[in-house]
Amino acid sequence: MLERLSEAFKIQRQFTENAAHELQTVGRDETIIVNALIDEVLADLEPLAQEKNIKLIGKCKDVNMVGSDILIYRLVYNLVENAIKYNHSGGQVIVEAYQKEKQVYLSVEDTGSGIPEELKERVFEPFFRVDKSRSRELGGVGLGLALVNEIVRVHDGSIAIRPNPSGGTIIEVQFAVNRTTA
């Protein structure tokens, strides 16, 4: 049994290394209309939100940035999907994007249970799940936020998690100055 566990960890480690390499080879020089991309993500996830009785709200200014359209789409999709999955029925997800001082700011705010302070750094680890008891019913394998973190890294950005004062979590992403357009 120990040999099988060791082999499983080896496979997971190899997968993570391969994914990180693949992200490095994707071109990141496209002009992205962030508000349009967010509208697309919200439309794509509306059926899941309706199923869970979650209200999706977009508060986006006209924002452009330079990067990989497909990776930034995946970043926003993963953040919004998690915010829906780990929310309460009747809750809401607010996605905000704006540009300030040549920096792009993106935040996804939910009204779910939140992430315990001691686990905020661990949620970016591959295969980590905050609530292991609910994980099987919600699907996924614990790679969503690890992928988000890697996408932020290859775009020279930063990511932070903080509690939502009205309950839940706010995940904030900031992209480096040299990745934005005026």
# chains A, B, ... in the order shown; residues from 1 in each chain; ligands from 1
$ select_by_dssp --residues "region 42-77 of chain A" --states "helix (DSSP H, G or I)" --output "PyMOL selection string"
chain A and resi 42-51+69-77
$ select_by_dssp --residues "region 54-159 of chain A" --states "strand (DSSP E or B)" --output "NGL selection string"
:A and (55-60 or 64-67 or 92-100 or 103-110 or 157-159)
$ closest_residue --among "A:Ile94, A:Val34, A:Ile54, A:Leu45" --to "Ile70 (chain A)" --atoms "only C-alpha atoms"
A:Val34
$ residues_around --residues "Lys85 (chain A)" --least-positions-apart "5" --cutoff "9 Å" --atoms "only C-alpha atoms" --output "PyMOL selection string"
chain A and resi 48-49+52+80+112+138
$ closest_residue --among "A:Ile32, A:Val148, A:Val76, A:Ala160" --to "Asp44 (chain A)" --atoms "only C-alpha atoms"
A:Val76
$ closest_residue --among "A:Gln103, A:Val95, A:Glu109, A:Leu119" --to "Gly157 (chain A)" --atoms "only C-alpha atoms"
A:Gln103
$ decode --residues "region 18-139 of chain A" --atoms "C-alpha atoms" --output "mmCIF file, in the first residue's frame"
data_model
loop_
_atom_site.group_PDB
_atom_site.id
_atom_site.type_symbol
_atom_site.label_atom_id
_atom_site.label_comp_id
_atom_site.auth_asym_id
_atom_site.auth_seq_id
_atom_site.Cartn_x
_atom_site.Cartn_y
_atom_site.Cartn_z
ATOM 1 C CA ASN A 18 4.157 19.450 -16.485
ATOM 2 C CA ALA A 19 1.339 21.958 -15.925
ATOM 3 C CA ALA A 20 3.805 24.601 -14.722
ATOM 4 C CA HIS A 21 5.951 24.037 -17.826
ATOM 5 C CA GLU A 22 2.922 24.293 -20.137
ATOM 6 C CA LEU A 23 1.926 27.622 -18.576
ATOM 7 C CA GLN A 24 5.413 28.979 -19.269
ATOM 8 C CA THR A 25 5.125 28.201 -22.997
ATOM 9 C CA VAL A 26 1.804 30.011 -23.576
ATOM 10 C CA GLY A 27 2.163 33.424 -25.238
ATOM 11 C CA ARG A 28 1.294 36.276 -22.885
ATOM 12 C CA ASP A 29 1.312 39.233 -25.263
ATOM 13 C CA GLU A 30 -2.364 39.563 -26.218
ATOM 14 C CA THR A 31 -4.410 42.646 -25.399
ATOM 15 C CA ILE A 32 -7.229 41.425 -23.162
ATOM 16 C CA ILE A 33 -10.466 43.368 -22.688
ATOM 17 C CA VAL A 34 -10.901 42.292 -19.076
ATOM 18 C CA ASN A 35 -14.479 43.512 -18.598
ATOM 19 C CA ALA A 36 -15.640 41.558 -21.686
ATOM 20 C CA LEU A 37 -13.782 38.461 -20.494
ATOM 21 C CA ILE A 38 -15.444 38.703 -17.069
ATOM 22 C CA ASP A 39 -18.872 39.112 -18.698
ATOM 23 C CA GLU A 40 -18.163 35.926 -20.678
ATOM 24 C CA VAL A 41 -17.163 33.987 -17.545
ATOM 25 C CA LEU A 42 -20.259 35.161 -15.670
ATOM 26 C CA ALA A 43 -22.484 34.104 -18.593
ATOM 27 C CA ASP A 44 -20.766 30.706 -18.760
ATOM 28 C CA LEU A 45 -21.246 30.110 -15.018
ATOM 29 C CA GLU A 46 -24.786 31.504 -14.755
ATOM 30 C CA PRO A 47 -26.396 28.010 -15.002
ATOM 31 C CA LEU A 48 -24.302 26.750 -12.052
ATOM 32 C CA ALA A 49 -25.123 29.904 -10.077
ATOM 33 C CA GLN A 50 -28.853 29.507 -10.768
ATOM 34 C CA GLU A 51 -28.716 25.852 -9.724
ATOM 35 C CA LYS A 52 -27.231 26.915 -6.374
ATOM 36 C CA ASN A 53 -29.422 30.043 -6.066
ATOM 37 C CA ILE A 54 -26.389 32.362 -6.185
ATOM 38 C CA LYS A 55 -26.550 35.869 -7.636
ATOM 39 C CA LEU A 56 -23.630 36.836 -9.900
ATOM 40 C CA ILE A 57 -22.727 40.542 -10.007
ATOM 41 C CA GLY A 58 -20.141 42.110 -12.296
ATOM 42 C CA LYS A 59 -18.718 45.527 -11.351
ATOM 43 C CA CYS A 60 -16.156 46.090 -14.044
ATOM 44 C CA LYS A 61 -14.708 49.260 -15.464
ATOM 45 C CA ASP A 62 -13.260 49.351 -18.973
ATOM 46 C CA VAL A 63 -9.987 47.561 -18.336
ATOM 47 C CA ASN A 64 -7.389 46.298 -20.790
ATOM 48 C CA MET A 65 -4.259 44.354 -19.981
ATOM 49 C CA VAL A 66 -1.574 42.422 -21.805
ATOM 50 C CA GLY A 67 -1.350 38.700 -21.143
ATOM 51 C CA SER A 68 -2.752 35.373 -22.218
ATOM 52 C CA ASP A 69 -6.469 35.606 -22.918
ATOM 53 C CA ILE A 70 -6.983 31.881 -22.327
ATOM 54 C CA LEU A 71 -5.065 31.895 -19.028
ATOM 55 C CA ILE A 72 -6.783 34.990 -17.638
ATOM 56 C CA TYR A 73 -10.142 33.469 -18.643
ATOM 57 C CA ARG A 74 -9.197 30.294 -16.706
ATOM 58 C CA LEU A 75 -8.099 32.373 -13.708
ATOM 59 C CA VAL A 76 -11.405 34.267 -13.531
ATOM 60 C CA TYR A 77 -13.433 31.115 -14.258
ATOM 61 C CA ASN A 78 -11.745 29.130 -11.467
ATOM 62 C CA LEU A 79 -12.167 31.942 -8.931
ATOM 63 C CA VAL A 80 -15.845 32.504 -9.768
ATOM 64 C CA GLU A 81 -16.614 28.772 -9.922
ATOM 65 C CA ASN A 82 -15.084 28.269 -6.458
ATOM 66 C CA ALA A 83 -17.003 31.277 -5.135
ATOM 67 C CA ILE A 84 -20.231 29.680 -6.382
ATOM 68 C CA LYS A 85 -19.433 26.146 -5.179
ATOM 69 C CA TYR A 86 -18.431 27.203 -1.673
ATOM 70 C CA ASN A 87 -21.213 29.751 -1.210
ATOM 71 C CA HIS A 88 -24.527 29.491 0.613
ATOM 72 C CA SER A 89 -27.850 29.181 -1.193
ATOM 73 C CA GLY A 90 -29.163 32.710 -1.647
ATOM 74 C CA GLY A 91 -25.635 34.116 -1.552
ATOM 75 C CA GLN A 92 -23.867 36.282 -4.073
ATOM 76 C CA VAL A 93 -20.592 36.517 -5.954
ATOM 77 C CA ILE A 94 -19.263 39.951 -6.892
ATOM 78 C CA VAL A 95 -16.532 40.237 -9.517
ATOM 79 C CA GLU A 96 -14.819 43.603 -9.763
ATOM 80 C CA ALA A 97 -12.094 44.805 -12.123
ATOM 81 C CA TYR A 98 -10.545 48.230 -12.478
ATOM 82 C CA GLN A 99 -7.305 49.917 -13.411
ATOM 83 C CA LYS A 100 -5.508 52.336 -11.090
ATOM 84 C CA GLU A 101 -2.056 53.857 -11.494
ATOM 85 C CA LYS A 102 -1.289 51.522 -14.409
ATOM 86 C CA GLN A 103 -2.131 48.430 -12.361
ATOM 87 C CA VAL A 104 -5.022 46.060 -12.995
ATOM 88 C CA TYR A 105 -7.014 44.950 -9.960
ATOM 89 C CA LEU A 106 -9.417 42.018 -10.013
ATOM 90 C CA SER A 107 -11.402 40.748 -7.051
ATOM 91 C CA VAL A 108 -13.887 37.942 -6.535
ATOM 92 C CA GLU A 109 -15.994 38.254 -3.404
ATOM 93 C CA ASP A 110 -18.361 35.590 -2.070
ATOM 94 C CA THR A 111 -20.719 35.209 0.872
ATOM 95 C CA GLY A 112 -19.781 31.615 1.725
ATOM 96 C CA SER A 113 -18.175 30.162 4.844
ATOM 97 C CA GLY A 114 -14.781 31.729 4.263
ATOM 98 C CA ILE A 115 -11.292 30.265 4.471
ATOM 99 C CA PRO A 116 -9.746 29.822 7.929
ATOM 100 C CA GLU A 117 -6.751 32.121 8.470
ATOM 101 C CA GLU A 118 -4.360 29.216 9.052
ATOM 102 C CA LEU A 119 -5.258 27.671 5.661
ATOM 103 C CA LYS A 120 -5.026 30.784 3.460
ATOM 104 C CA GLU A 121 -1.550 29.954 2.133
ATOM 105 C CA ARG A 122 -2.261 26.236 1.741
ATOM 106 C CA VAL A 123 -5.229 26.728 -0.610
ATOM 107 C CA PHE A 124 -2.732 27.435 -3.405
ATOM 108 C CA GLU A 125 -1.063 24.025 -2.981
ATOM 109 C CA PRO A 126 -1.953 21.431 -5.629
ATOM 110 C CA PHE A 127 -4.592 18.910 -4.466
ATOM 111 C CA PHE A 128 -5.326 20.822 -1.233
ATOM 112 C CA ARG A 129 -8.953 21.247 -0.153
ATOM 113 C CA VAL A 130 -10.231 23.323 2.758
ATOM 114 C CA ASP A 131 -13.271 21.146 3.505
ATOM 115 C CA LYS A 132 -12.387 17.556 2.725
ATOM 116 C CA SER A 133 -15.814 16.333 3.876
ATOM 117 C CA ARG A 134 -17.631 18.329 1.150
ATOM 118 C CA SER A 135 -15.044 17.884 -1.587
ATOM 119 C CA ARG A 136 -16.504 14.794 -3.226
ATOM 120 C CA GLU A 137 -19.978 16.299 -3.575
ATOM 121 C CA LEU A 138 -18.597 19.525 -5.067
ATOM 122 C CA GLY A 139 -16.280 17.863 -7.575
#
